[in-house]
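Undergrad: Handing over model_31.cif, mmCIF, C-alpha atoms and all ligand atoms.
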data_target
#
loop_
_atom_site.label_atom_id
_atom_site.label_comp_id
_atom_site.auth_asym_id
_atom_site.auth_seq_id
_atom_site.Cartn_x
_atom_site.Cartn_y
_atom_site.Cartn_z
CA MET S 24 80.32 92.25 114.33
CA ILE S 25 80.99 92.99 110.71
CA SER S 26 82.29 90.08 108.68
CA ARG S 27 85.21 90.43 106.30
CA ARG S 28 82.82 89.81 103.42
CA GLN S 29 80.51 92.62 104.50
CA ALA S 30 83.48 94.90 104.97
CA LEU S 31 84.75 94.23 101.48
CA ALA S 32 81.25 94.61 100.07
CA GLY S 33 80.94 97.96 101.82
CA GLY S 34 81.35 99.96 98.66
CA GLY S 35 78.36 98.19 97.17
CA LEU S 36 76.16 98.77 100.21
CA LEU S 37 77.07 102.41 100.28
CA ILE S 38 76.21 103.25 96.73
CA VAL S 39 73.27 105.39 97.96
CA GLY S 40 74.06 108.99 97.20
CA VAL S 41 76.95 108.25 94.85
CA LEU S 42 76.38 109.22 91.26
CA PRO S 43 78.54 108.53 88.21
CA ILE S 44 81.74 110.52 87.75
CA ARG S 45 80.73 114.14 87.50
CA ARG S 46 81.36 116.49 84.64
CA GLY S 47 79.95 119.76 85.96
CA ARG S 48 80.66 121.36 89.30
CA ALA S 49 78.22 121.82 92.17
CA ALA S 50 77.88 125.36 93.51
CA THR S 51 78.89 124.28 97.01
CA GLN S 52 82.26 122.95 95.87
CA GLN S 53 85.50 124.76 95.32
CA PRO S 54 87.19 124.51 91.94
CA GLY S 55 89.98 121.93 91.82
CA ALA S 56 93.66 122.82 91.65
CA THR S 57 95.05 123.15 88.16
CA GLU S 58 98.32 122.29 86.46
CA LYS S 59 99.40 125.87 87.07
CA GLU S 60 99.42 125.41 90.82
CA LEU S 61 100.37 121.76 91.26
CA ILE S 62 102.64 119.29 89.50
CA PHE S 63 100.39 116.41 88.45
CA ARG S 64 102.09 113.02 88.89
CA SER S 65 98.93 111.45 87.40
CA THR S 66 95.56 112.83 86.35
CA GLU S 67 93.52 109.58 86.46
CA PRO S 68 93.36 109.38 89.43
CA ARG S 69 94.42 112.83 90.53
CA ASN S 70 97.81 112.88 92.24
CA ALA S 71 99.59 116.19 92.48
CA GLU S 72 102.06 118.09 94.64
CA PRO S 73 103.12 121.73 94.77
CA LYS S 74 106.56 123.08 93.94
CA LEU S 75 108.51 123.25 97.19
CA SER S 76 109.16 126.96 96.66
CA ASP S 77 105.37 127.53 96.65
CA LEU S 78 104.80 125.15 99.55
CA ILE S 79 107.09 126.92 102.03
CA GLN S 80 105.65 130.40 101.38
CA SER S 81 103.14 130.10 104.22
CA TRP S 82 102.53 128.16 107.41
CA ILE S 83 98.91 127.52 106.37
CA THR S 84 99.01 125.88 102.96
CA PRO S 85 96.51 127.53 100.61
CA THR S 86 94.21 124.81 99.25
CA LYS S 87 95.44 125.47 95.70
CA PHE S 88 98.96 124.46 96.83
CA PHE S 89 97.79 121.46 98.90
CA TYR S 90 98.82 118.07 97.53
CA ILE S 91 96.16 115.69 96.24
CA ARG S 92 96.46 111.94 96.67
CA SER S 93 93.59 109.82 95.37
CA HIS S 94 93.48 106.14 94.45
CA ALA S 95 90.37 106.41 92.28
CA PRO S 96 88.38 109.07 90.42
CA ASN S 97 86.57 111.50 92.72
CA PRO S 98 83.13 110.08 93.52
CA ARG S 99 80.32 112.51 92.82
CA ILE S 100 78.27 112.84 95.95
CA ASP S 101 74.92 114.61 96.21
CA PRO S 102 75.01 116.33 99.63
CA GLN S 103 71.20 116.02 99.92
CA GLN S 104 71.32 112.26 99.61
CA TYR S 105 74.55 111.82 101.51
CA ARG S 106 74.48 109.62 104.64
CA LEU S 107 77.29 108.66 107.01
CA LYS S 108 76.73 105.11 108.25
CA ILE S 109 77.88 104.21 111.74
CA ASP S 110 77.71 100.51 112.53
CA GLY S 111 79.52 97.49 113.97
CA MET S 112 80.04 97.36 117.74
CA VAL S 113 77.90 100.36 118.62
CA ASP S 114 74.79 100.58 120.79
CA ARG S 115 72.79 102.28 118.05
CA VAL S 116 73.49 101.70 114.34
CA THR S 117 73.03 105.17 112.88
CA GLU S 118 72.87 107.05 109.59
CA LEU S 119 73.73 110.73 109.80
CA ARG S 120 72.87 113.42 107.28
CA LEU S 121 75.25 116.32 106.95
CA GLU S 122 72.90 118.53 108.94
CA ASP S 123 72.76 115.95 111.75
CA LEU S 124 76.44 116.66 112.38
CA GLN S 125 75.44 120.12 113.55
CA ARG S 126 74.14 118.47 116.74
CA TYR S 127 77.75 118.19 117.88
CA PRO S 128 80.05 121.04 118.93
CA GLU S 129 81.94 122.49 115.98
CA ARG S 130 85.72 122.20 116.27
CA THR S 131 88.41 123.82 114.18
CA ILE S 132 91.94 122.52 114.40
CA THR S 133 95.13 123.07 112.43
CA ALA S 134 96.99 119.93 111.43
CA THR S 135 99.58 118.86 108.92
CA LEU S 136 98.66 116.06 106.55
CA THR S 137 101.46 114.10 104.94
CA CYS S 138 101.45 111.13 102.61
CA ALA S 139 103.39 108.05 103.74
CA GLY S 140 104.93 108.19 100.26
CA ASN S 141 106.24 111.75 100.61
CA ARG S 142 109.85 111.82 99.26
CA ARG S 143 109.36 108.36 97.70
CA ALA S 144 111.35 109.28 94.57
CA GLU S 145 114.54 109.44 96.67
CA PHE S 146 114.36 105.66 97.24
CA ASN S 147 115.16 105.16 93.54
CA GLN S 148 118.78 106.07 94.31
CA GLN S 149 118.96 102.77 96.25
CA ALA S 150 116.69 100.60 94.06
CA PRO S 151 113.69 101.32 91.85
CA VAL S 152 110.41 101.77 93.68
CA GLY S 153 106.90 101.80 92.19
CA GLY S 154 104.00 104.07 93.09
CA VAL S 155 103.40 107.79 92.69
CA GLN S 156 106.84 109.36 92.34
CA TRP S 157 106.49 111.99 95.06
CA GLU S 158 109.20 114.48 95.76
CA ALA S 159 108.94 116.36 99.06
CA GLY S 160 105.64 118.16 98.36
CA ALA S 161 103.16 115.49 99.49
CA ILE S 162 102.55 117.44 102.70
CA GLY S 163 100.51 120.48 103.71
CA ASN S 164 99.20 122.30 106.77
CA ALA S 165 95.57 123.41 106.88
CA THR S 166 92.75 124.29 109.21
CA TRP S 167 90.02 121.69 109.42
CA THR S 168 86.51 122.33 110.69
CA GLY S 169 84.03 119.67 111.72
CA VAL S 170 83.08 117.58 114.70
CA ALA S 171 85.15 115.37 116.98
CA LEU S 172 84.78 111.68 116.14
CA ALA S 173 84.79 111.17 119.91
CA ASP S 174 81.59 113.22 120.31
CA VAL S 175 79.80 111.19 117.64
CA LEU S 176 80.98 107.86 119.06
CA ASN S 177 79.92 108.85 122.58
CA ASP S 178 76.49 109.66 121.21
CA VAL S 179 75.95 106.35 119.39
CA GLY S 180 77.50 104.37 122.24
CA VAL S 181 80.54 102.15 121.81
CA ALA S 182 80.62 98.54 123.02
CA ASP S 183 83.33 97.79 125.61
CA GLN S 184 84.98 95.22 123.36
CA ALA S 185 85.38 97.62 120.42
CA ARG S 186 89.11 98.23 119.84
CA HIS S 187 89.35 99.75 116.35
CA VAL S 188 87.44 102.29 114.29
CA TRP S 189 87.21 101.51 110.59
CA LEU S 190 86.81 104.41 108.20
CA GLU S 191 85.56 103.72 104.68
CA GLY S 192 85.41 105.98 101.64
CA LEU S 193 82.71 106.18 98.96
CA ASP S 194 85.26 105.88 96.16
CA ALA S 195 85.70 102.73 94.07
CA VAL S 196 89.34 101.76 93.71
CA PRO S 197 90.12 99.19 90.99
CA HIS S 198 91.29 96.03 92.75
CA GLY S 199 91.60 92.55 91.28
CA GLU S 200 88.58 91.95 89.05
CA GLY S 201 86.44 94.64 90.66
CA THR S 202 86.64 97.65 92.92
CA ILE S 203 86.98 98.24 96.65
CA PRO S 204 86.43 101.34 98.76
CA PHE S 205 89.51 103.04 100.17
CA GLY S 206 89.60 102.17 103.87
CA ALA S 207 91.52 102.95 107.00
CA SER S 208 91.45 101.94 110.61
CA ILE S 209 92.54 103.66 113.80
CA PRO S 210 92.78 102.33 117.35
CA ILE S 211 89.82 103.34 119.52
CA GLU S 212 92.27 105.07 121.88
CA LYS S 213 93.18 107.48 119.08
CA ALA S 214 89.55 108.05 118.06
CA ILE S 215 88.56 109.04 121.58
CA ASP S 216 91.90 110.58 122.56
CA ALA S 217 90.18 113.92 123.04
CA ASP S 218 86.96 115.63 122.06
CA ASP S 219 88.89 118.73 121.00
CA GLY S 220 89.29 117.17 117.55
CA LEU S 221 92.97 116.36 117.97
CA GLY S 222 92.13 112.66 118.30
CA ALA S 223 90.19 112.44 115.05
CA LEU S 224 87.87 114.91 113.36
CA LEU S 225 85.00 114.48 110.87
CA VAL S 226 85.64 117.43 108.60
CA THR S 227 83.40 119.47 106.31
CA LYS S 228 85.64 122.50 105.81
CA MET S 229 89.29 122.99 104.86
CA ASN S 230 90.85 126.42 105.34
CA GLY S 231 87.39 127.83 106.11
CA GLU S 232 85.78 126.69 102.84
CA PRO S 233 83.63 123.61 102.13
CA LEU S 234 85.90 120.70 101.22
CA SER S 235 86.72 120.60 97.54
CA GLU S 236 85.96 117.47 95.60
CA ASP S 237 89.67 116.59 95.48
CA HIS S 238 89.95 116.78 99.26
CA GLY S 239 86.89 114.67 100.11
CA PHE S 240 83.63 116.63 99.67
CA PRO S 241 81.32 116.53 101.54
CA LEU S 242 82.93 114.82 104.56
CA ARG S 243 86.34 113.38 105.38
CA ALA S 244 88.22 112.17 108.40
CA ILE S 245 91.30 113.97 109.63
CA VAL S 246 93.50 111.97 111.98
CA PRO S 247 96.23 114.30 113.25
CA GLY S 248 99.62 112.65 113.69
CA TYR S 249 98.85 109.72 111.40
CA ILE S 250 99.92 109.18 107.80
CA GLY S 251 97.53 110.81 105.33
CA ALA S 252 96.13 107.42 104.32
CA ARG S 253 94.22 107.23 107.62
CA SER S 254 92.39 110.50 106.87
CA VAL S 255 89.73 108.95 104.66
CA LYS S 256 88.12 111.27 102.11
CA TRP S 257 84.49 110.99 100.92
CA LEU S 258 83.80 109.21 104.20
CA GLY S 259 80.77 106.91 103.93
CA ARG S 260 81.04 104.61 106.87
CA VAL S 261 82.47 104.35 110.36
CA SER S 262 82.45 100.85 111.85
CA LEU S 263 83.61 99.65 115.24
CA ALA S 264 85.27 96.29 115.61
CA GLU S 265 87.56 94.21 117.78
CA HIS S 266 90.28 94.08 115.14
CA PRO S 267 91.78 96.47 112.56
CA SER S 268 89.94 96.80 109.25
CA PRO S 269 90.53 94.01 106.70
CA ASN S 270 90.47 96.65 103.94
CA HIS S 271 93.44 96.27 101.57
CA TYR S 272 94.83 99.68 102.58
CA VAL S 273 95.15 98.51 106.19
CA ALA S 274 95.70 94.75 105.88
CA GLU S 275 98.24 94.86 103.01
CA ALA S 276 99.22 98.27 101.68
CA TYR S 277 100.72 100.94 103.96
CA LYS S 278 103.20 98.61 105.60
CA VAL S 279 106.97 98.88 105.57
CA VAL S 280 108.26 95.66 103.96
CA THR S 281 111.42 94.92 102.02
CA ASP S 282 109.95 91.98 100.17
CA THR S 283 106.32 91.49 99.30
CA SER S 284 105.92 87.85 100.28
CA PRO S 285 102.74 86.88 102.13
CA LEU S 286 104.88 86.33 105.25
CA ALA S 287 106.39 89.83 105.09
CA TRP S 288 102.91 91.39 104.74
CA ALA S 289 101.59 89.27 107.60
CA GLU S 290 104.50 90.14 109.90
CA ALA S 291 104.41 93.89 109.36
CA GLY S 292 101.86 96.02 111.19
CA PRO S 293 99.93 98.86 109.54
CA ILE S 294 101.62 102.29 109.66
CA TYR S 295 99.78 104.72 111.89
CA ARG S 296 101.95 107.64 113.08
CA TYR S 297 104.28 109.49 110.76
CA PRO S 298 107.93 110.01 111.74
CA ILE S 299 109.79 113.33 111.95
CA ASN S 300 110.63 114.80 108.55
CA ALA S 301 112.00 117.96 106.94
CA ALA S 302 112.91 119.34 103.55
CA ILE S 303 114.56 122.35 101.93
CA GLY S 304 112.30 124.47 99.69
CA LYS S 305 114.69 127.34 99.06
CA PRO S 306 116.86 127.47 97.00
CA GLU S 307 115.31 125.27 94.33
CA ALA S 308 116.98 121.96 93.41
CA GLY S 309 119.70 122.32 90.78
CA MET S 310 119.86 126.12 91.05
CA THR S 311 123.10 127.98 90.40
CA VAL S 312 123.98 130.40 93.20
CA PRO S 313 126.97 132.67 93.87
CA ALA S 314 129.59 131.69 96.47
CA GLY S 315 129.12 133.35 99.86
CA PRO S 316 126.23 133.53 102.30
CA LEU S 317 123.08 131.78 101.12
CA GLU S 318 119.58 131.88 102.58
CA VAL S 319 118.09 128.38 102.98
CA ALA S 320 114.48 127.71 104.04
CA GLY S 321 112.17 124.76 104.43
CA TYR S 322 109.63 122.88 106.50
CA VAL S 323 109.98 120.50 109.43
CA LEU S 324 107.32 118.17 110.84
CA PRO S 325 107.81 116.64 114.30
CA SER S 326 106.80 112.98 114.76
CA GLY S 327 103.03 112.49 115.04
CA LYS S 328 102.49 112.48 118.78
CA ARG S 329 100.43 115.06 120.67
CA ASP S 330 103.36 116.32 122.75
CA SER S 331 106.00 116.15 120.01
CA ARG S 332 107.62 119.52 119.19
CA VAL S 333 110.44 120.38 116.81
CA ARG S 334 113.68 120.65 118.75
CA GLU S 335 116.38 121.57 116.22
CA VAL S 336 116.91 121.82 112.48
CA TRP S 337 120.47 121.84 111.14
CA VAL S 338 121.80 122.64 107.67
CA SER S 339 125.15 121.66 106.14
CA ALA S 340 126.78 123.05 103.00
CA ASP S 341 129.89 120.84 103.20
CA GLY S 342 128.62 117.28 103.04
CA GLY S 343 127.79 117.01 106.74
CA ARG S 344 131.06 118.13 108.38
CA GLY S 345 129.86 121.54 109.53
CA TRP S 346 126.27 122.38 110.52
CA VAL S 347 124.39 125.63 111.06
CA MET S 348 121.33 125.65 113.31
CA ALA S 349 118.22 126.95 111.58
CA GLU S 350 115.84 129.48 113.05
CA LEU S 351 112.29 128.17 113.48
CA VAL S 352 109.70 130.64 112.30
CA GLY S 353 105.99 131.02 112.84
CA GLU S 354 103.55 129.17 114.99
CA GLU S 355 104.05 126.02 117.01
CA LEU S 356 100.95 123.86 117.52
CA PRO S 357 100.46 120.13 118.16
CA TYR S 358 100.51 118.02 114.99
CA CYS S 359 101.67 120.96 112.89
CA TRP S 360 104.80 121.53 110.88
CA ARG S 361 107.04 124.56 111.31
CA LEU S 362 108.84 126.60 108.75
CA TRP S 363 112.53 127.38 109.20
CA ARG S 364 115.35 129.39 107.66
CA ALA S 365 119.11 129.45 107.96
CA GLU S 366 122.08 131.23 106.44
CA VAL S 367 124.98 129.04 105.30
CA GLU S 368 128.28 129.80 103.52
CA VAL S 369 128.50 128.08 100.15
CA THR S 370 131.72 127.63 98.19
CA PRO S 371 132.45 126.26 94.70
CA GLU S 372 133.02 122.90 96.45
CA THR S 373 129.40 122.86 97.70
CA LYS S 374 127.51 120.23 95.68
CA GLU S 375 124.49 119.87 97.93
CA LEU S 376 122.74 121.31 100.95
CA ILE S 377 121.70 118.85 103.65
CA CYS S 378 119.11 119.30 106.37
CA ARG S 379 118.29 117.17 109.38
CA ALA S 380 116.05 117.67 112.39
CA SER S 381 115.15 116.34 115.83
CA ASP S 382 112.08 116.58 118.04
CA SER S 383 111.25 116.71 121.75
CA THR S 384 110.29 113.02 121.88
CA GLY S 385 113.77 111.86 120.90
CA GLU S 386 113.07 111.25 117.22
CA PHE S 387 115.58 112.45 114.64
CA MET S 388 116.12 112.15 110.90
CA PRO S 389 118.74 109.47 110.24
CA PRO S 390 121.51 109.89 107.61
CA ARG S 391 120.09 106.96 105.62
CA ILE S 392 117.10 104.65 105.87
CA ALA S 393 116.67 101.15 104.48
CA TRP S 394 114.88 100.82 101.15
CA ASN S 395 111.35 99.42 101.41
CA ALA S 396 109.20 97.92 98.69
CA LYS S 397 106.44 100.53 98.77
CA GLY S 398 108.70 103.52 99.30
CA TYR S 399 107.13 104.72 102.54
CA LEU S 400 108.35 107.00 105.33
CA GLN S 401 111.44 108.41 103.62
CA ASN S 402 112.86 110.65 106.32
CA SER S 403 116.62 110.42 105.89
CA TRP S 404 118.68 113.65 105.78
CA PHE S 405 117.23 115.77 102.99
CA ARG S 406 119.84 116.47 100.29
CA LEU S 407 119.37 119.24 97.74
CA PRO S 408 121.78 119.42 94.79
CA ILE S 409 122.96 122.95 93.90
CA ASN S 410 125.71 124.54 91.78
CA VAL S 411 127.89 127.30 93.21
CA GLN S 412 129.85 129.66 90.99
N1 LIG D 501 88.55 107.73 100.15
C1 LIG D 501 89.86 108.00 100.05
N2 LIG D 501 90.47 108.62 101.07
C2 LIG D 501 91.79 108.90 100.99
C3 LIG D 501 92.56 108.51 99.87
C4 LIG D 501 91.88 107.88 98.80
O1 LIG D 501 92.46 107.54 97.76
N3 LIG D 501 90.52 107.63 98.93
N4 LIG D 501 93.90 108.76 99.86
C5 LIG D 501 94.53 108.87 101.18
C6 LIG D 501 95.92 109.27 101.15
S1 LIG D 501 97.04 108.07 100.74
C7 LIG D 501 96.32 110.52 101.54
S2 LIG D 501 97.94 110.89 101.65
C8 LIG D 501 95.33 111.57 101.84
C9 LIG D 501 95.53 112.76 100.93
O2 LIG D 501 94.61 113.76 101.22
P1 LIG D 501 94.50 115.00 100.24
O3 LIG D 501 94.29 114.49 98.85
O4 LIG D 501 93.38 115.82 100.76
O5 LIG D 501 95.83 115.75 100.35
O6 LIG D 501 94.00 111.12 101.68
C10 LIG D 501 93.76 109.80 102.08
N5 LIG D 501 92.35 109.53 102.04
MO MO D 502 99.16 108.90 101.13
#
Will you turn the file into structure tokens for me?

TA:
Amino acid sequence: MISRRQALAGGGLLIVGVLPIRRGRAATQQPGATEKELIFRSTEPRNAEPKLSDLIQSWITPTKFFYIRSHAPNPRIDPQQYRLKIDGMVDRVTELRLEDLQRYPERTITATLTCAGNRRAEFNQQAPVGGVQWEAGAIGNATWTGVALADVLNDVGVADQARHVWLEGLDAVPHGEGTIPFGASIPIEKAIDADDGLGALLVTKMNGEPLSEDHGFPLRAIVPGYIGARSVKWLGRVSLAEHPSPNHYVAEAYKVVTDTSPLAWAEAGPIYRYPINAAIGKPEAGMTVPAGPLEVAGYVLPSGKRDSRVREVWVSADGGRGWVMAELVGEELPYCWRLWRAEVEVTPETKELICRASDSTGEFMPPRIAWNAKGYLQNSWFRLPINVQ
């Protein structure tokens, strides 16, 4: 068993292989996205999202247009010295080098990653909300190459009583007087859901290239179907335990609460799966367009279950009275978004375009959702203001 104290001290124990914030760039790493490609919501730490018009250009999101969400400066990790610690309720406590991962079958999956705070800025229409002011670009779809967490766990041997897999980053997030590592936790059932990588994957490559520093070089977790916060970057430690991780990002943050009293935090469970969501990327917000037929396009993500598929996407140009069904384009794979397009008639009365969607598991985007203190899981009907002349 790992005590709470040990868990919180994890960042300290894991300092091996972590060097001070880097200035140069290692040859193995891809250059980071620049202000040209992403809109930076903050630069220290790096939080950035693409313009929606760029985002919906392709089903696979090029890494330069892939959002970045980091709570602390990128840790500089020397791949030679890097070790992944596996401990807690396992038969064999293990430290793996990057090359040790090659013992396991390589898997490549495609999965959409989305931040729980995607579309947070829309909550401000109800009441002000703190945090990174994301519009609808904190989402992207990429291919991820690595090894199934299930294969690694089978190899080290998991105790019968283990119920949760803790994932811990090598970053140091300012917290209280000191720093803590970013941490996540997933139920063991999800970790071993399948060895095809669709349960959880330990990833070294994104879109066929070594992970960039912004996206978690040299190793990150990808947990398809779960909010991005569970896909820990710069992964340093995997621990098995009977209970979910006591890390701040599981035990307190990433919960849907209206007030932030200790009772509200205690009552709310951690967010795991993401709900269905969709947004319009074309035309651009606030654009002036001529009256008549208008091409509308966007993305839609079904809720984060293995068998969840997009059912329908609808668009309205008259405040929700009339709806046109969108055409879904491109590939359909588990845990992946789809792109869509529709043609609607706009008139000088049209003030906004609205889109909504449903999936095969019965989830749908509601007209409104209740405000929550951290601004998570905004998936109400997406409304895009436009001017028609
Ligand atoms: N170590 C670490 N992992 C992390 C984070 C972080 O700050 N530190 N941010 C998380 C959040 S909130 C999201 S949404 C995703 C974003 O992944 P990306 O930056 O590759 O898009 O990483 C997650 N993994
Ligand atoms: Mo996130």

Undergrad: S:Asp218: which residues within 12 Å, counting only C-alpha atoms, same-chain residues fewer than 6 positions away excluded, as a list in words?

TA: Tyr127, Pro128, Glu129, Arg130, Thr131, Ile132, Gly169, Val170, Ala171, Leu172, Ala173, Asp174, Val175, Leu176, Asn177, Glu212, Leu224 and Leu225 of chain S

Undergrad: So which one's closest to ligand MO 502 (chain D), S:Ala244, S:Ile162, S:Ala287, S:Ile299? Using only C-alpha atoms and all ligand atoms, please.

TA: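 Using only C-alpha atoms and all ligand atoms, ligand MO 502 (chain D) sits closest to S:Ile162.
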
Undergrad: Tell me which of S:Ala291, S:Leu234, S:Ala95, S:Ala165 sits closest to S:Pro197, counting all atoms listed in the file.

TA: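 Answer, going by the shortest atom-to-atom distance: S:Ala95.
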
Undergrad: For a quick check of understanding, using all atoms listed in the file, which of S:Ile209, S:Leu317, S:Val181, S:Ile83 has the smallest distance to S:Ile109?

TA: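 Under the stated criterion, the closest residue is S:Val181.
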
Undergrad: How close does chain S get to ligand MO 502 (chain D)? List, as CSV, each residue of chain S within 6 Å, its nearest atom pair and the distance in Å to one decimal, counting all atoms listed in the file.

TA:
residue,atom,partner,partner_atom,distance
S:Cys138,CA,D:MO502,MO,3.5
S:Ala139,CA,D:MO502,MO,5.0
S:Gly140,CA,D:MO502,MO,5.9
S:Gly251,CA,D:MO502,MO,4.9
S:Ala252,CA,D:MO502,MO,4.6

Undergrad: Restricting the calculation to only C-alpha atoms: of S:Ser208, S:Thr283, S:Gln149, S:Thr137, which residue gets closest to S:Asn300?

TA: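 When distances to S:Asn300 are compared using only C-alpha atoms, the smallest one comes from S:Thr137.
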
Undergrad: Identify, on the basis of all atoms listed in the file, every residue whose closest approach to stretch 388-403 of chain S does not exceed 9 Å; exclude the query and any residue fewer than 6 positions from it along the same chain; express the result as a count of residues only.

TA: 33

Undergrad: Can you pull out every residue with an atom within 7 Å of ligand LIG 501 (chain D)? Use all atoms listed in the file and format it as a PyMOL selection string.

TA: chain S and resi 89-95+136-139+191-194+204-206+237-239+250-258

Undergrad: Can you tell me how far atom CA of S:Leu263 sits from atom CA of S:Val246, in Å to one decimal?

TA: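 Distance reported for this atom pair: 16.1 Å.
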
Undergrad: Only all heavy atoms, as a PDB file, in the first residue's frame: that is what I want for stretch 158-165 of chain S.

TA:
ATOM      1  N   GLU S 158     -12.293  28.378 -25.382  1.00  0.00           N
ATOM      2  CA  GLU S 158     -13.458  28.326 -26.264  1.00  0.00           C
ATOM      3  C   GLU S 158     -13.634  26.852 -26.652  1.00  0.00           C
ATOM      4  O   GLU S 158     -13.407  25.993 -25.812  1.00  0.00           O
ATOM      5  CB  GLU S 158     -13.251  29.311 -27.417  1.00  0.00           C
ATOM      6  CG  GLU S 158     -13.249  30.725 -26.832  1.00  0.00           C
ATOM      7  CD  GLU S 158     -13.247  31.840 -27.854  1.00  0.00           C
ATOM      8  OE1 GLU S 158     -13.415  31.584 -29.048  1.00  0.00           O
ATOM      9  OE2 GLU S 158     -13.069  32.979 -27.408  1.00  0.00           O
ATOM     10  N   ALA S 159     -13.983  26.562 -27.894  1.00  0.00           N
ATOM     11  CA  ALA S 159     -14.308  25.159 -28.212  1.00  0.00           C
ATOM     12  C   ALA S 159     -13.143  24.404 -28.859  1.00  0.00           C
ATOM     13  O   ALA S 159     -13.344  23.349 -29.465  1.00  0.00           O
ATOM     14  CB  ALA S 159     -15.543  25.104 -29.092  1.00  0.00           C
ATOM     15  N   GLY S 160     -11.909  24.924 -28.679  1.00  0.00           N
ATOM     16  CA  GLY S 160     -10.765  24.297 -29.347  1.00  0.00           C
ATOM     17  C   GLY S 160      -9.923  23.390 -28.472  1.00  0.00           C
ATOM     18  O   GLY S 160      -8.882  22.900 -28.925  1.00  0.00           O
ATOM     19  N   ALA S 161     -10.352  23.157 -27.216  1.00  0.00           N
ATOM     20  CA  ALA S 161      -9.543  22.309 -26.328  1.00  0.00           C
ATOM     21  C   ALA S 161      -9.889  20.845 -26.571  1.00  0.00           C
ATOM     22  O   ALA S 161     -10.345  20.109 -25.677  1.00  0.00           O
ATOM     23  CB  ALA S 161      -9.741  22.709 -24.872  1.00  0.00           C
ATOM     24  N   ILE S 162      -9.689  20.435 -27.811  1.00  0.00           N
ATOM     25  CA  ILE S 162     -10.032  19.080 -28.274  1.00  0.00           C
ATOM     26  C   ILE S 162      -9.192  18.796 -29.517  1.00  0.00           C
ATOM     27  O   ILE S 162      -8.861  19.721 -30.271  1.00  0.00           O
ATOM     28  CB  ILE S 162     -11.557  18.988 -28.577  1.00  0.00           C
ATOM     29  CG1 ILE S 162     -11.988  17.571 -28.995  1.00  0.00           C
ATOM     30  CG2 ILE S 162     -11.976  19.999 -29.647  1.00  0.00           C
ATOM     31  CD1 ILE S 162     -13.508  17.395 -29.065  1.00  0.00           C
ATOM     32  N   GLY S 163      -8.844  17.530 -29.714  1.00  0.00           N
ATOM     33  CA  GLY S 163      -8.116  17.165 -30.931  1.00  0.00           C
ATOM     34  C   GLY S 163      -8.134  15.656 -31.085  1.00  0.00           C
ATOM     35  O   GLY S 163      -8.357  14.920 -30.110  1.00  0.00           O
ATOM     36  N   ASN S 164      -7.901  15.201 -32.303  1.00  0.00           N
ATOM     37  CA  ASN S 164      -7.939  13.774 -32.612  1.00  0.00           C
ATOM     38  C   ASN S 164      -6.586  13.388 -33.201  1.00  0.00           C
ATOM     39  O   ASN S 164      -6.144  13.993 -34.178  1.00  0.00           O
ATOM     40  CB  ASN S 164      -9.064  13.514 -33.632  1.00  0.00           C
ATOM     41  CG  ASN S 164      -9.347  12.055 -33.846  1.00  0.00           C
ATOM     42  OD1 ASN S 164      -9.574  11.317 -32.896  1.00  0.00           O
ATOM     43  ND2 ASN S 164      -9.341  11.627 -35.104  1.00  0.00           N
ATOM     44  N   ALA S 165      -5.919  12.413 -32.588  1.00  0.00           N
ATOM     45  CA  ALA S 165      -4.573  12.064 -33.057  1.00  0.00           C
ATOM     46  C   ALA S 165      -4.384  10.562 -33.024  1.00  0.00           C
ATOM     47  O   ALA S 165      -5.164   9.839 -32.396  1.00  0.00           O
ATOM     48  CB  ALA S 165      -3.521  12.737 -32.170  1.00  0.00           C
TER      49      ALA S 165
END
